[in-house]
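Notes follow the structure.
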Amino acid sequence: MGVFFFGMGFSSLAAARAIHQIIDSGIPIAGTTRTEEGIEALADCPYRLHLFDGESPGKTLAADLRRATHVVLSIPPTEAGDPALRMHRADLDAANDLEWLCYYSTVGVYGDFGGEWIDESAPTRPINQRSAHRVEVEQQWRDYAQERGVPLLVLRLAGIYGPGRSAFDKLREGTARRIVKPGQVFNRIHVEDIGRVTALAAQRKLAGTFNLADNEPAPPQDLIAYAARQMGVAVPPDVPFEEADMTPMARSFYSDNKRVSNRAIRDALGIDLLYPTYREGLGAIGKVPA
């Protein structure tokens with residue numbers, strides 16, 4: 001087994017660690033980062049890193065990609081499509097031992113369901129261009145996997161959080177706001193659950209399209225209040241959504257309201273989440289020194 005990650009970011013690093021912990025610490029892992037600084041930041045990790053900015057082909061990654069049996073795709077698409085598929089399809093085609101593909105997508109592909117519960121049977125009707133690109137690229141990878149005759153796992157991820165990227169960090173930075181839009185909820189997923197699910201799925205070569213979200217979609221202001229109480233700091237005041245000063249991208253997230261079921265992936269792997277709600281997830285993060 002050899003694993004290649006296009007986009008060695010927050011989620012991919014968690015998946016790489018989980019693969020070594022759950023499957024075998026000797027599995028060779030390689031991946032890409034967008035900048036030289038990214039490579040330097042990961043200089044002490046046990047992975048082979050290559051520069052690939054998504055704008056031009058990576059000059060050094062071909063050999064590791066062609067040796068890979070498992071490839072995880074974590075680079076956001078552009079209007080032109082998926083950078084890995086556009087610029088390195090020939091190298092993927094030359095990966096003669098390829099056994100499994102995994103594409104990290106987003107629950108944003110479903111669009112707005114007015115707060116109702118949905119599962120993987122729900123139609124995709126994205127309400128922004130970012131998510132529309134995801135729908136297109138999901139299908140491009142399905143087509144490629146079918147051509148190659150290899151299983152493809154599409155993981156539709158909820159809002160990702162974890163150590164260094166949580167409500168605690170926003171409170172410390174003074175950027176946390178309790179924006180209140182009545183009825184609005186979001187699912188989230190702890191990065192360690194992404195890592196564990198990816199590792200188990202890679203081990204079993206799981207195929208299909210699955211949601212990966214927590215068990216309890218919740219209003220965003222509740223998360224901030226809970227984190228503030230855990231830190232022993234003042235809970236930020238409510239800010240009505242209509243009055244909030246937000247970027248267009250941030251505001252667009254509030255146009256998308258649904259409760260996403262994770263039952264299918266839990267049943268497929270026979271597991272429960274490590275952090276089924278934000279309370280367990282933030283509780284674990286709070287035990288880690290800042």
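Residue numbers start at 1 in each chain; chains themselves are named A, B, ... in the order of the structure tokens; ligands are numbered from 1 in the order shown.
Close contacts of A:Val191, defined as residues with an atom at most 6 Å away when counting only C-alpha atoms, with chain neighbours fewer than 3 positions off set aside, comprise A:Ser11, A:Tyr161, A:Gly162, A:Ile194.
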Could the residues in this selection be saved with all heavy atoms as a compact mmCIF listing (two decimals), in the first residue's frame?
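Heads up, here's the output in again.txt:
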```
# COMPACT_ATOMS: atom_id res chain seq x y z
N SER A 11 -7.20 18.32 6.78
CA SER A 11 -7.86 17.01 6.77
C SER A 11 -6.94 15.91 6.29
O SER A 11 -6.93 14.80 6.84
CB SER A 11 -9.11 17.07 5.88
OG SER A 11 -10.04 18.01 6.37
N TYR A 161 -13.57 21.25 11.85
CA TYR A 161 -12.93 21.93 12.97
C TYR A 161 -11.98 20.96 13.67
O TYR A 161 -12.01 19.74 13.43
CB TYR A 161 -13.96 22.48 13.96
CG TYR A 161 -14.64 21.43 14.82
CD1 TYR A 161 -14.30 21.29 16.16
CD2 TYR A 161 -15.63 20.60 14.30
CE1 TYR A 161 -14.92 20.33 16.95
CE2 TYR A 161 -16.26 19.65 15.07
CZ TYR A 161 -15.91 19.51 16.41
OH TYR A 161 -16.52 18.56 17.19
N GLY A 162 -11.14 21.50 14.53
CA GLY A 162 -10.18 20.68 15.27
C GLY A 162 -9.18 21.58 15.96
O GLY A 162 -9.33 22.81 15.96
N ILE A 194 -12.54 12.75 10.36
CA ILE A 194 -12.21 12.66 8.93
C ILE A 194 -11.03 11.72 8.73
O ILE A 194 -11.05 10.85 7.84
CB ILE A 194 -11.90 14.05 8.35
CG1 ILE A 194 -13.11 14.98 8.46
CG2 ILE A 194 -11.45 13.93 6.88
CD1 ILE A 194 -12.83 16.41 8.04
```
>> Using DSSP assignments from the backbone, pull out every residue in stretch 28-108 of chain A that falls under alpha helix (DSSP H) and give it to me as a list of chain:residue names.
In response: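 Taking stretch 28-108 of chain A and keeping alpha helix (DSSP H) gives A:Glu36, A:Glu37, A:Gly38, A:Ile39, A:Glu40, A:Ala41, A:Ala62, A:Ala63, A:Asp64, A:Leu65, A:Arg66, A:Arg67, A:Pro83, A:Ala84, A:Leu85, A:Arg86, A:Met87, A:His88, A:Arg89, A:Ala90, A:Asp91, A:Leu92, A:Asp93.
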> Quick one: of A:Ser255, A:Thr198, A:Asn215, A:Ser131, who's nearest to A:Arg279, counting only C-alpha atoms?
Replying inline: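 Counting only C-alpha atoms, the residue closest to A:Arg279 is A:Asn215.
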>> Env of A:Ile118: 12 Å cut, atoms = only C-alpha atoms, seq-sep filter 5 positions within chain, self excluded. Answer as a PyMOL selection string.
In response: chain A and resi 107+110-113+123-124+187+210-211+213+217+257-264
>> With only C-alpha atoms as the counted atoms, please give the residues lying no more than 12 Å from stretch 229-239 of chain A, apart from itself and same-chain residues fewer than 6 positions off, as a PyMOL selection string.
In response: chain A and resi 167-172+174-182+220-223+245-246+279-280+282-287+290
> In Å, with one decimal, what is the gap from atom CA of A:Ala244 to atom CA of A:Pro219?
Replying inline: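 Rounded to one decimal, the two atoms are 15.7 Å apart.
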>> List as a PyMOL selection string the protein and nucleic acid residues near stretch 31-47 of chain A, meaning an atom at most 7 Å away when only C-alpha atoms are counted, but skip any in the same chain fewer than 4 places from it.
In response: chain A and resi 4-8+51-53
> Which residues in stretch 14-115 of chain A does DSSP call strand (DSSP E or B)? List them as number ranges by chain.
Replying inline: A: 29-33, 48-51, 70-73, 78, 81, 100-106
> Which polymer residues have any atom within 8 Å of an atom of A:Ala207, counting only C-alpha atoms, with same-chain residues fewer than 3 positions away left out, as a VMD selection string?
Replying inline: chain A and resid 151 to 154
Closest atom pairs, residues of stretch 195-272 of chain A within 7 Å of stretch 18-21 of chain A, only C-alpha atoms, as a tab-separated table:
```
residue	atom	partner	partner_atom	distance
A:Gly195	CA	A:Ala18	CA	5.5
A:Arg196	CA	A:Ala18	CA	5.5
A:Ala199	CA	A:Ile19	CA	4.9
```
> Between atom CA of A:Tyr254 and atom CA of A:Ile127, what is the spacing in Å?
Replying inline: 10.9 Å
>> If we count only C-alpha atoms and set the cut-off at 10 Å, which residues sit around stretch 60-74 of chain A, ignoring sequence neighbours fewer than 3 positions away in its own chain? Please answer as number ranges by chain.
In response: A: 1-12, 15-16, 28-32, 48-52, 57, 77, 82-85, 88, 90-105, 141, 152-154, 198, 202-203, 205
> atom CA of A:Arg188 and atom CA of A:Ala218 are how many Å apart?
Replying inline: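 One can read the atom CA of A:Arg188 to atom CA of A:Ala218 distance as 8.7 Å.
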> Which residue out of A:Asp256, A:Glu242, A:Asp267, A:Asp272 has the minimum interatomic distance to A:Gly115 when only C-alpha atoms are used?
Replying inline: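 Checking each of A:Asp256, A:Glu242, A:Asp267, A:Asp272 against A:Gly115, counting only C-alpha atoms, the winner is A:Asp256.
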